[in-house]
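K.L.:
So here's data.cif, just mmCIF, C-alpha atoms:
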data_data
loop_
_atom_site.label_atom_id
_atom_site.label_comp_id
_atom_site.auth_asym_id
_atom_site.auth_seq_id
_atom_site.Cartn_x
_atom_site.Cartn_y
_atom_site.Cartn_z
CA MET A 1153 4.62 -13.65 -26.74
CA LYS A 1154 3.77 -12.88 -23.13
CA GLY A 1155 5.73 -10.56 -20.90
CA LEU A 1156 5.76 -9.15 -17.37
CA ILE A 1157 5.64 -5.38 -16.84
CA ILE A 1158 8.65 -4.37 -14.75
CA ALA A 1159 8.27 -0.60 -14.91
CA GLY A 1160 6.96 2.15 -17.12
CA THR A 1161 6.09 5.80 -17.53
CA ASN A 1162 3.95 7.53 -20.13
CA ASN A 1163 3.95 5.13 -23.11
CA LEU A 1164 7.27 3.34 -22.60
CA PHE A 1165 7.36 0.13 -20.57
CA THR A 1166 10.10 -2.28 -19.55
CA VAL A 1167 8.82 -5.79 -20.26
CA GLU A 1168 10.45 -9.03 -19.13
CA CYS A 1169 9.46 -11.39 -21.94
CA GLU A 1170 9.02 -15.15 -21.85
CA ASP A 1171 12.04 -15.64 -24.14
CA GLU A 1172 14.12 -14.06 -21.31
CA VAL A 1173 14.74 -10.86 -23.28
CA ILE A 1174 13.93 -7.54 -21.59
CA ARG A 1175 12.35 -5.18 -24.11
CA ASN A 1176 11.36 -1.53 -24.11
CA CYS A 1177 7.80 -1.52 -25.40
CA THR A 1178 5.19 1.03 -26.35
CA ILE A 1179 1.45 0.38 -26.50
CA LYS A 1180 0.31 -0.37 -30.02
CA GLY A 1181 -1.95 2.46 -31.10
CA LYS A 1182 -1.26 4.10 -27.70
CA VAL A 1183 -4.53 2.59 -26.38
CA ILE A 1184 -5.03 -0.63 -24.44
CA LYS A 1185 -8.42 -2.06 -23.52
CA THR A 1186 -9.17 -1.96 -19.79
CA ASP A 1187 -12.39 -2.13 -17.77
CA LYS A 1188 -12.25 1.61 -17.04
CA GLU A 1189 -10.12 4.66 -17.71
CA PHE A 1190 -6.90 4.88 -15.69
CA TYR A 1191 -4.20 7.51 -15.23
CA ASN A 1192 -1.84 4.77 -16.44
CA PRO A 1193 -3.26 1.77 -18.34
CA ILE A 1194 -0.78 -0.84 -17.11
CA ALA A 1195 1.38 -1.21 -14.00
CA PRO A 1196 4.24 -3.32 -12.62
CA GLY A 1197 3.02 -6.87 -12.15
CA ASP A 1198 0.76 -6.82 -15.20
CA VAL A 1199 1.11 -9.63 -17.75
CA VAL A 1200 0.79 -8.50 -21.37
CA LYS A 1201 1.12 -9.84 -24.87
CA ILE A 1202 3.72 -8.15 -27.05
CA GLU A 1203 4.92 -8.12 -30.62
CA PRO A 1204 8.74 -7.98 -30.81
CA ASP A 1205 10.18 -5.39 -33.17
CA PRO A 1206 11.38 -7.23 -36.32
CA ILE A 1207 14.36 -4.89 -36.66
CA ASN A 1208 15.44 -4.27 -33.04
CA ASP A 1209 15.01 -7.28 -30.73
CA LYS A 1210 15.27 -5.04 -27.66
CA LYS A 1211 12.05 -3.26 -28.60
CA GLY A 1212 8.43 -4.22 -29.11
CA GLN A 1213 4.80 -3.23 -28.81
CA VAL A 1214 2.22 -4.16 -26.18
CA ILE A 1215 -0.85 -5.44 -28.02
CA SER A 1216 -3.09 -6.68 -25.18
CA LEU A 1217 -3.43 -7.10 -21.43
CA GLU A 1218 -3.92 -10.50 -19.78
CA PRO A 1219 -6.69 -10.86 -17.14
CA ARG A 1220 -5.62 -9.56 -13.73
CA LYS A 1221 -5.91 -11.34 -10.39
CA ASN A 1222 -6.20 -7.95 -8.69
CA THR A 1223 -4.98 -4.36 -8.81
CA PHE A 1224 -4.00 -1.86 -6.16
CA LEU A 1225 -4.70 1.75 -6.99
CA ARG A 1226 -5.48 5.18 -5.62
CA TRP A 1227 -7.34 8.23 -6.92
CA ASN A 1228 -4.91 10.59 -8.63
CA VAL A 1229 -6.18 14.05 -7.69
CA LYS A 1230 -4.08 15.89 -10.28
CA GLY A 1231 -5.03 13.55 -13.13
CA ARG A 1232 -8.64 13.20 -11.89
CA CYS A 1233 -8.74 9.44 -12.49
CA PRO A 1234 -7.57 6.24 -10.78
CA GLN A 1235 -3.83 5.50 -10.81
CA LEU A 1236 -2.65 1.89 -10.89
CA LEU A 1237 0.22 1.17 -8.50
CA ALA A 1238 0.62 -2.61 -8.89
CA SER A 1239 -1.15 -5.69 -10.24
CA ASN A 1240 -1.48 -9.42 -9.51
CA LEU A 1241 -0.33 -9.16 -5.90
CA ASP A 1242 -0.10 -11.81 -3.21
CA TYR A 1243 0.49 -9.19 -0.48
CA LEU A 1244 0.18 -5.45 -0.07
CA ILE A 1245 2.90 -4.33 2.35
CA LEU A 1246 1.82 -1.11 4.07
CA VAL A 1247 5.01 0.42 5.43
CA THR A 1248 4.77 2.94 8.25
CA THR A 1249 7.08 4.26 10.99
CA PRO A 1250 6.69 5.30 14.63
CA ASP A 1251 8.80 8.41 14.00
CA GLU A 1252 10.86 10.14 11.29
CA PRO A 1253 8.43 10.58 9.52
CA PRO A 1254 5.71 10.70 12.19
CA PHE A 1255 3.25 7.85 12.65
CA ARG A 1256 0.09 8.51 10.58
CA PRO A 1257 -2.46 5.76 11.23
CA ARG A 1258 -5.17 7.32 9.04
CA PHE A 1259 -2.94 6.87 5.97
CA THR A 1260 -2.77 3.16 6.84
CA ASP A 1261 -6.53 2.98 7.49
CA ARG A 1262 -7.22 4.47 4.04
CA ALA A 1263 -4.88 2.00 2.35
CA LEU A 1264 -6.41 -0.89 4.33
CA ALA A 1265 -9.88 0.11 3.14
CA GLN A 1266 -8.68 0.24 -0.46
CA ALA A 1267 -7.01 -3.18 -0.07
CA GLU A 1268 -10.23 -4.65 1.34
CA HIS A 1269 -12.14 -3.13 -1.58
CA GLN A 1270 -9.69 -4.66 -4.09
CA GLY A 1271 -9.57 -8.06 -2.34
CA ILE A 1272 -5.82 -7.93 -1.61
CA LYS A 1273 -4.27 -9.30 1.59
CA PRO A 1274 -2.55 -6.43 3.45
CA VAL A 1275 0.37 -6.68 5.87
CA ILE A 1276 1.27 -3.72 8.09
CA VAL A 1277 5.00 -3.24 8.59
CA CYS A 1278 6.17 -0.69 11.15
CA ASN A 1279 9.78 -0.06 10.13
CA LYS A 1280 12.30 1.86 12.25
CA TRP A 1281 11.03 0.17 15.42
CA ASP A 1282 14.37 1.10 17.00
CA LEU A 1283 13.02 4.67 17.04
CA ALA A 1284 9.97 3.49 19.00
CA GLU A 1285 12.26 1.96 21.60
CA LYS A 1286 14.20 5.23 21.69
CA MET A 1287 10.95 7.04 22.53
CA LEU A 1288 10.88 5.19 25.85
CA LEU A 1289 14.46 6.22 26.60
CA ASP A 1290 13.61 9.84 25.72
CA GLY A 1291 10.63 9.96 28.06
CA ARG A 1292 8.02 9.82 25.28
CA GLU A 1293 6.19 6.89 26.85
CA GLU A 1294 2.68 8.22 26.19
CA GLU A 1295 3.46 8.67 22.48
CA PHE A 1296 4.95 5.16 22.31
CA ASN A 1297 1.87 3.69 24.02
CA GLN A 1298 -0.48 5.37 21.51
CA ILE A 1299 1.47 3.94 18.57
CA ASP A 1300 1.72 0.46 20.06
CA LYS A 1301 -1.99 0.52 20.89
CA ARG A 1302 -2.90 1.37 17.29
CA LEU A 1303 -0.73 -1.46 15.98
CA SER A 1304 -2.39 -3.81 18.47
CA ILE A 1305 -5.86 -2.71 17.30
CA TRP A 1306 -4.96 -3.75 13.74
CA GLU A 1307 -3.61 -7.06 15.04
CA GLU A 1308 -6.83 -7.74 16.94
CA LEU A 1309 -8.76 -7.16 13.70
CA GLY A 1310 -6.79 -9.99 12.10
CA TYR A 1311 -4.22 -7.98 10.17
CA LYS A 1312 -0.64 -9.21 10.28
CA VAL A 1313 1.55 -6.54 11.87
CA LEU A 1314 5.35 -6.66 11.95
CA ARG A 1315 7.50 -4.39 14.11
CA ILE A 1316 10.86 -4.39 12.34
CA SER A 1317 13.98 -2.33 11.68
CA ALA A 1318 16.05 -2.28 8.51
CA LYS A 1319 18.76 -0.53 10.53
CA THR A 1320 19.13 -3.07 13.37
CA GLY A 1321 17.80 -6.17 11.60
CA LEU A 1322 14.94 -6.61 14.09
CA GLY A 1323 12.24 -8.85 12.59
CA MET A 1324 13.85 -8.96 9.16
CA GLN A 1325 14.08 -12.76 9.03
CA GLU A 1326 10.35 -13.16 9.66
CA PHE A 1327 9.66 -10.48 7.05
CA ALA A 1328 11.82 -12.26 4.45
CA GLU A 1329 10.04 -15.56 5.16
CA LEU A 1330 6.70 -13.87 4.54
CA LEU A 1331 7.81 -12.41 1.21
CA GLU A 1332 9.55 -15.51 -0.14
CA ASP A 1333 8.07 -16.86 -3.40
CA HIS A 1334 5.40 -14.14 -3.49
CA LEU A 1335 4.76 -10.89 -5.35
CA SER A 1336 4.27 -8.01 -2.93
CA ALA A 1337 3.98 -4.24 -3.35
CA PHE A 1338 5.50 -1.84 -0.84
CA VAL A 1339 3.25 1.19 -0.28
CA GLY A 1340 3.83 4.03 2.15
CA GLN A 1341 4.68 7.66 2.60
CA SER A 1342 8.05 9.04 1.57
CA GLY A 1343 10.77 8.41 4.13
CA VAL A 1344 9.33 5.27 5.77
CA GLY A 1345 12.25 3.17 4.48
CA LYS A 1346 10.80 1.04 1.68
CA SER A 1347 14.05 1.14 -0.32
CA SER A 1348 16.14 0.52 2.82
CA LEU A 1349 14.16 -2.65 3.53
CA ILE A 1350 14.82 -3.91 0.00
CA ASN A 1351 18.53 -3.11 0.26
CA VAL A 1352 18.78 -5.17 3.46
CA MET A 1353 16.96 -8.15 1.99
CA ASP A 1354 19.16 -8.37 -1.11
CA ASN A 1355 22.80 -7.30 -0.94
CA SER A 1356 22.92 -6.82 -4.71
CA CYS A 1357 20.24 -4.09 -4.57
CA VAL A 1358 21.54 -0.59 -4.06
CA LEU A 1359 18.40 1.51 -4.19
CA ARG A 1360 18.80 5.19 -3.44
CA THR A 1361 17.45 6.22 -0.05
CA GLY A 1362 16.48 9.73 0.96
CA SER A 1363 16.72 12.03 3.94
CA LEU A 1364 13.84 13.71 5.74
CA SER A 1365 12.79 17.29 5.31
CA LYS A 1366 13.93 19.08 8.50
CA LYS A 1367 11.04 21.55 8.27
CA TYR A 1368 8.19 19.05 7.93
CA GLY A 1369 9.67 15.73 9.11
CA ARG A 1370 8.57 14.18 5.81
CA GLY A 1371 10.54 12.07 3.40
CA ASN A 1372 11.75 13.24 0.02
CA HIS A 1373 10.77 11.17 -3.02
CA THR A 1374 13.63 8.85 -4.03
CA THR A 1375 11.66 6.19 -5.94
CA THR A 1376 10.15 8.06 -8.88
CA LYS A 1377 8.25 5.22 -10.55
CA GLY A 1378 6.94 1.82 -9.55
CA THR A 1379 9.41 -0.96 -10.33
CA LEU A 1380 9.20 -4.74 -9.97
CA ILE A 1381 12.41 -6.11 -8.46
CA HIS A 1382 13.44 -9.78 -8.33
CA LEU A 1383 15.20 -10.28 -4.99
CA THR A 1384 17.63 -13.00 -4.05
CA LEU A 1385 17.18 -13.01 -0.30
CA ASN A 1386 20.20 -12.36 1.90
CA GLU A 1387 21.50 -15.67 3.33
CA THR A 1388 21.52 -14.15 6.82
CA LEU A 1389 17.72 -13.97 6.56
CA THR A 1390 17.25 -17.53 5.22
CA GLU A 1391 19.30 -19.49 7.78
CA GLY A 1392 22.18 -19.72 5.32
CA ILE A 1393 20.15 -21.22 2.47
CA GLN A 1394 21.17 -19.73 -0.87
CA GLY A 1395 18.98 -18.78 -3.81
CA ARG A 1396 15.68 -18.06 -2.12
CA LYS A 1397 13.63 -15.51 -4.07
CA ALA A 1398 11.01 -12.83 -3.55
CA ASN A 1399 9.41 -10.35 -5.94
CA ILE A 1400 8.80 -6.78 -4.78
CA ILE A 1401 7.10 -3.84 -6.45
CA ASP A 1402 8.69 -0.72 -4.98
CA THR A 1403 6.19 2.12 -5.38
CA PRO A 1404 6.97 5.85 -5.13
CA GLY A 1405 6.35 7.46 -1.75
CA ILE A 1406 2.79 8.76 -1.40
CA ARG A 1407 2.14 11.88 0.64
CA ARG A 1408 -1.65 11.73 0.42
CA PHE A 1409 -3.57 8.51 -0.20
CA VAL A 1410 -7.00 9.20 -1.73
CA LEU A 1411 -9.47 6.31 -1.99
CA ASP A 1412 -10.79 5.27 -5.39
CA ASP A 1413 -14.29 4.02 -6.25
CA ILE A 1414 -15.50 4.01 -2.62
CA GLU A 1415 -18.43 6.23 -1.70
CA ALA A 1416 -18.57 7.89 1.72
CA ASP A 1417 -21.59 5.78 2.73
CA ASP A 1418 -19.73 2.59 1.78
CA VAL A 1419 -16.47 3.14 3.70
CA ALA A 1420 -17.87 1.20 6.68
CA LEU A 1421 -18.07 -1.91 4.48
CA TYR A 1422 -14.28 -1.91 4.24
CA PHE A 1423 -13.63 -1.47 7.97
CA ARG A 1424 -13.65 -5.09 9.13
CA GLU A 1425 -15.22 -4.48 12.51
CA PHE A 1426 -17.95 -2.22 11.09
CA GLU A 1427 -19.17 -4.53 8.34
CA PRO A 1428 -21.29 -6.86 10.58
CA PHE A 1429 -23.38 -3.87 11.77
CA VAL A 1430 -23.95 -2.17 8.39
CA GLY A 1431 -27.64 -2.14 7.47
CA LYS A 1432 -28.80 -3.14 10.96
CA CYS A 1433 -29.31 0.38 12.29
CA LYS A 1434 -32.81 1.77 12.93
CA PHE A 1435 -32.56 3.77 9.70
CA GLY A 1436 -30.92 0.90 7.80
CA LEU A 1437 -28.50 1.86 5.06
CA ASP A 1438 -29.57 5.51 5.38
CA CYS A 1439 -27.86 5.78 8.78
CA LYS A 1440 -24.80 8.04 8.80
CA HIS A 1441 -23.59 6.49 12.09
CA ASP A 1442 -23.26 9.88 13.69
CA THR A 1443 -26.16 11.31 15.73
CA GLU A 1444 -29.00 9.06 14.55
CA PRO A 1445 -30.91 7.10 17.23
CA GLY A 1446 -30.71 3.33 17.04
CA CYS A 1447 -27.32 3.27 15.31
CA GLU A 1448 -25.74 -0.17 15.75
CA ILE A 1449 -22.24 1.07 14.92
CA LYS A 1450 -22.41 3.78 17.61
CA ALA A 1451 -23.72 1.15 20.03
CA ALA A 1452 -20.79 -1.12 19.12
CA VAL A 1453 -18.39 1.73 19.91
CA GLU A 1454 -20.05 2.21 23.30
CA ARG A 1455 -19.75 -1.55 23.99
CA GLY A 1456 -16.07 -1.50 23.00
CA GLU A 1457 -16.59 -3.78 19.99
CA ILE A 1458 -15.36 -0.95 17.77
CA THR A 1459 -12.52 1.16 19.13
CA ALA A 1460 -12.86 4.92 19.43
CA GLU A 1461 -9.66 5.28 17.38
CA ARG A 1462 -11.01 3.38 14.39
CA TYR A 1463 -14.44 5.04 14.63
CA ASP A 1464 -12.77 8.46 14.55
CA SER A 1465 -10.64 7.37 11.59
CA TRP A 1466 -13.69 6.07 9.69
CA LYS A 1467 -15.58 9.30 10.42
CA ARG A 1468 -12.75 11.48 9.14
CA ILE A 1469 -12.25 9.41 5.98
CA ALA A 1470 -15.98 9.49 5.16
CA HIS A 1471 -15.95 13.26 5.68
CA GLU A 1472 -12.93 13.60 3.37
CA ILE A 1473 -14.75 11.72 0.61
CA ARG A 1474 -17.88 13.85 1.00
CA THR A 1475 -15.99 17.16 0.96
CA GLY A 1476 -13.07 16.26 -1.33
CA GLU A 1477 -10.73 17.83 1.23
CA TRP A 1478 -8.07 15.22 2.05
CA GLU A 1479 -5.60 15.48 4.89
CA ASP A 1480 -1.99 14.33 4.62
#
Go ahead and render the structure in this file as structure tokens.
P.N.:
Amino acid sequence: MKGLIIAGTNNLFTVECEDEVIRNCTIKGKVIKTDKEFYNPIAPGDVVKIEPDPINDKKGQVISLEPRKNTFLRWNVKGRCPQLLASNLDYLILVTTPDEPPFRPRFTDRALAQAEHQGIKPVIVCNKWDLAEKMLLDGREEEFNQIDKRLSIWEELGYKVLRISAKTGLGMQEFAELLEDHLSAFVGQSGVGKSSLINVMDNSCVLRTGSLSKKYGRGNHTTTKGTLIHLTLNETLTEGIQGRKANIIDTPGIRRFVLDDIEADDVALYFREFEPFVGKCKFGLDCKHDTEPGCEIKAAVERGEITAERYDSWKRIAHEIRTGEWED
């Protein structure tokens, strides 16, 4: 029978089967056929075929993987191979914050490039927007303006950007409407409030949330493995209508997002505003878009068609791929 992967680590997976039984399953023979080698062969959101255990109906074996609509992944530096985070997504929800932990737009730019490469529709969610408003009260107007400008740049590129707050409820109704009847994965650094957002959207969820490291202003890992959660949306977010559903894959907090299967020379293809100019430079595809004469991307920056912020981000990411030295 078929089943949906809910969660898993090593060679033990929680599978929601089509007979409505949830089984703990191992991979038959410990090997499953995939198009390439992964750190983990299957992920939450995957559909598999299983053989139920004839003795214990709560157990079974995964025998094959159904074709995927898409996958979202990153390069696992420690394991030296790609790590699957989620499969068969409608949306990739990139969760960030203006503060606590600090705003890190290059993390989001990396994840956007990977989403473009995988053909997944990303949505940028800036949680804790109440802290952005507090910046203005605390005299941090310049910092607030830089963050708001970066969010506006993404919006102008056609990405959906939501400024919300799990704490105050700001924007949560619009967020719930977006997620309804879809499968979405929450991806972000530790401490950005992924679990808090889920707790607000479904009163029956009580996911553990973590505090920030005082020394580094970073979040501590509270979600230790990716898990698919079926939400019944809070009635306060659905205009009182009961029973509305959404499916969320809550992924562990990521401190450093490393791109997978994207060469340094190809990063520009996954920056939306760069792509029209790729290959049109004087030196064609050999152009590094740095100091070469006749570079169309540099000319687009000078004309304001590509922002200096995104050009700098692209340049840093390409350098990271070339050197293998990734920043947080």
K.L.:
Taking the file as shown, what set of residues would the PyMOL selection byres ((chain A and resi 1300) around 12) give back, as a list in words?
P.N.:
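Answer for the PyMOL selection byres ((chain A and resi 1300) around 12): Thr1249, Pro1250, Phe1255, Pro1257, Cys1278, Trp1281, Ala1284, Glu1285, Met1287, Leu1288, Glu1293, Glu1294, Glu1295, Phe1296, Asn1297, Gln1298, Ile1299, Lys1301, Arg1302, Leu1303, Ser1304, Ile1305, Trp1306, Glu1307, Val1313, Leu1314 and Arg1315 of chain A.
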K.L.:
Could you pull the residues within 12 Å of stretch 1433-1440 of chain A, counting all atoms listed in the file, minus those fewer than 3 positions along the same chain, as a PyMOL selection string?
P.N.:
chain A and resi 1416-1421+1426-1430+1443-1452+1466-1467+1470-1471+1474
K.L.:
Apply the PyMOL selection byres ((chain A and resi 1154) around 9) to the file shown and report the selected residues as an mmCIF file with C-alpha atoms, in the coordinates of the input.
P.N.:
data_model
loop_
_atom_site.group_PDB
_atom_site.id
_atom_site.type_symbol
_atom_site.label_atom_id
_atom_site.label_comp_id
_atom_site.auth_asym_id
_atom_site.auth_seq_id
_atom_site.Cartn_x
_atom_site.Cartn_y
_atom_site.Cartn_z
ATOM 1 C CA MET A 1153 4.620 -13.650 -26.740
ATOM 2 C CA GLY A 1155 5.730 -10.560 -20.900
ATOM 3 C CA LEU A 1156 5.760 -9.150 -17.370
ATOM 4 C CA GLU A 1168 10.450 -9.030 -19.130
ATOM 5 C CA CYS A 1169 9.460 -11.390 -21.940
ATOM 6 C CA GLU A 1170 9.020 -15.150 -21.850
ATOM 7 C CA ASP A 1171 12.040 -15.640 -24.140
ATOM 8 C CA VAL A 1199 1.110 -9.630 -17.750
ATOM 9 C CA VAL A 1200 0.790 -8.500 -21.370
ATOM 10 C CA LYS A 1201 1.120 -9.840 -24.870
ATOM 11 C CA ILE A 1202 3.720 -8.150 -27.050
ATOM 12 C CA GLU A 1203 4.920 -8.120 -30.620
ATOM 13 C CA GLU A 1218 -3.920 -10.500 -19.780
#
K.L.:
To one decimal in Å, tell me the separation between atom CA of A:Ala1263 and atom CA of A:Tyr1311.
P.N.:
12.7 Å
K.L.:
What residues come out when you apply the PyMOL selection byres ((chain A and resi 1164) around 8) to this file, written as a list of chain:residue names?
P.N.:
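This file gives the following for the PyMOL selection byres ((chain A and resi 1164) around 8): A:Gly1160, A:Thr1161, A:Asn1162, A:Asn1163, A:Phe1165, A:Thr1166, A:Asn1176, A:Cys1177, A:Thr1178, A:Ile1179.
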K.L.:
Considering only C-alpha atoms, give me a table of residues in stretch 1293-1328 of chain A that are at most 12 Å from stretch 1392-1403 of chain A, with the closest atom pair and distance in Å for each, as a tab-separated table.
P.N.:
residue	atom	partner	partner_atom	distance
A:Gln1325	CA	A:Gly1392	CA	11.3
A:Phe1327	CA	A:Ala1398	CA	10.9
A:Ala1328	CA	A:Ala1398	CA	8.1
K.L.:
With distances taken over only C-alpha atoms, which of A:Val1275, A:Leu1289, A:Val1339, A:Leu1359 is nearest to A:Gly1310?
P.N.:
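Once distances to A:Gly1310 are computed over only C-alpha atoms, the minimum belongs to A:Val1275.
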K.L.:
What does the structure give for the distance between atom CA of A:Gln1270 and atom CA of A:Leu1217, in Å to one decimal?
P.N.:
18.6 Å
K.L.:
How many Å separate atom CA of A:Trp1478 from atom CA of A:Gly1378?
P.N.:
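Rounded to one decimal, the two atoms are 23.2 Å apart.
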K.L.:
Could you list, as a list in words, every residue within 8 Å of A:Gly1345, counting only C-alpha atoms and ignoring same-chain residues fewer than 6 positions away?
P.N.:
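Within the cut-off, the hits are Val1247, Asn1279, Lys1280, Ala1318 and Thr1361 of chain A.
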K.L.:
Can you pull out every residue within 9 Å of A:Asn1228, counting all atoms listed in the file, but drop anything in the same chain fewer than 5 positions away, and send it as a ChimeraX atom specification?
P.N.:
/A:1191,1233-1235,1409-1410,1412
K.L.:
Would you mind exporting C-alpha atoms of the selected residues as a tab-separated table (two decimals), in the frame of the given file?
P.N.:
chain	number	residue	atom	x	y	z
A	1191	TYR	CA	-4.20	7.51	-15.23
A	1233	CYS	CA	-8.74	9.44	-12.49
A	1234	PRO	CA	-7.57	6.24	-10.78
A	1235	GLN	CA	-3.83	5.50	-10.81
A	1409	PHE	CA	-3.57	8.51	-0.20
A	1410	VAL	CA	-7.00	9.20	-1.73
A	1412	ASP	CA	-10.79	5.27	-5.39
K.L.:
Compile the contact shell of A:Ala1238 as a ChimeraX atom specification: residues with an atom at most 12 Å away, counting only C-alpha atoms, same-chain residues fewer than 3 positions apart removed.
P.N.:
/A:1156-1160,1192-1199,1220-1226,1235,1241-1245,1267,1270,1272,1335-1339,1377-1380,1400-1404
K.L.:
Restricting it to C-alpha atoms, dump the selection as a PDB file, keeping the file's coordinate frame.
P.N.:
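Contents of again_28.pdb, freshly written:
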ATOM      1  CA  LEU A1156       5.760  -9.150 -17.370  1.00  0.00           C
ATOM      2  CA  ILE A1157       5.640  -5.380 -16.840  1.00  0.00           C
ATOM      3  CA  ILE A1158       8.650  -4.370 -14.750  1.00  0.00           C
ATOM      4  CA  ALA A1159       8.270  -0.600 -14.910  1.00  0.00           C
ATOM      5  CA  GLY A1160       6.960   2.150 -17.120  1.00  0.00           C
ATOM      6  CA  ASN A1192      -1.840   4.770 -16.440  1.00  0.00           C
ATOM      7  CA  PRO A1193      -3.260   1.770 -18.340  1.00  0.00           C
ATOM      8  CA  ILE A1194      -0.780  -0.840 -17.110  1.00  0.00           C
ATOM      9  CA  ALA A1195       1.380  -1.210 -14.000  1.00  0.00           C
ATOM     10  CA  PRO A1196       4.240  -3.320 -12.620  1.00  0.00           C
ATOM     11  CA  GLY A1197       3.020  -6.870 -12.150  1.00  0.00           C
ATOM     12  CA  ASP A1198       0.760  -6.820 -15.200  1.00  0.00           C
ATOM     13  CA  VAL A1199       1.110  -9.630 -17.750  1.00  0.00           C
ATOM     14  CA  ARG A1220      -5.620  -9.560 -13.730  1.00  0.00           C
ATOM     15  CA  LYS A1221      -5.910 -11.340 -10.390  1.00  0.00           C
ATOM     16  CA  ASN A1222      -6.200  -7.950  -8.690  1.00  0.00           C
ATOM     17  CA  THR A1223      -4.980  -4.360  -8.810  1.00  0.00           C
ATOM     18  CA  PHE A1224      -4.000  -1.860  -6.160  1.00  0.00           C
ATOM     19  CA  LEU A1225      -4.700   1.750  -6.990  1.00  0.00           C
ATOM     20  CA  ARG A1226      -5.480   5.180  -5.620  1.00  0.00           C
ATOM     21  CA  GLN A1235      -3.830   5.500 -10.810  1.00  0.00           C
ATOM     22  CA  LEU A1241      -0.330  -9.160  -5.900  1.00  0.00           C
ATOM     23  CA  ASP A1242      -0.100 -11.810  -3.210  1.00  0.00           C
ATOM     24  CA  TYR A1243       0.490  -9.190  -0.480  1.00  0.00           C
ATOM     25  CA  LEU A1244       0.180  -5.450  -0.070  1.00  0.00           C
ATOM     26  CA  ILE A1245       2.900  -4.330   2.350  1.00  0.00           C
ATOM     27  CA  ALA A1267      -7.010  -3.180  -0.070  1.00  0.00           C
ATOM     28  CA  GLN A1270      -9.690  -4.660  -4.090  1.00  0.00           C
ATOM     29  CA  ILE A1272      -5.820  -7.930  -1.610  1.00  0.00           C
ATOM     30  CA  LEU A1335       4.760 -10.890  -5.350  1.00  0.00           C
ATOM     31  CA  SER A1336       4.270  -8.010  -2.930  1.00  0.00           C
ATOM     32  CA  ALA A1337       3.980  -4.240  -3.350  1.00  0.00           C
ATOM     33  CA  PHE A1338       5.500  -1.840  -0.840  1.00  0.00           C
ATOM     34  CA  VAL A1339       3.250   1.190  -0.280  1.00  0.00           C
ATOM     35  CA  LYS A1377       8.250   5.220 -10.550  1.00  0.00           C
ATOM     36  CA  GLY A1378       6.940   1.820  -9.550  1.00  0.00           C
ATOM     37  CA  THR A1379       9.410  -0.960 -10.330  1.00  0.00           C
ATOM     38  CA  LEU A1380       9.200  -4.740  -9.970  1.00  0.00           C
ATOM     39  CA  ILE A1400       8.800  -6.780  -4.780  1.00  0.00           C
ATOM     40  CA  ILE A1401       7.100  -3.840  -6.450  1.00  0.00           C
ATOM     41  CA  ASP A1402       8.690  -0.720  -4.980  1.00  0.00           C
ATOM     42  CA  THR A1403       6.190   2.120  -5.380  1.00  0.00           C
ATOM     43  CA  PRO A1404       6.970   5.850  -5.130  1.00  0.00           C
TER      44      PRO A1404
END
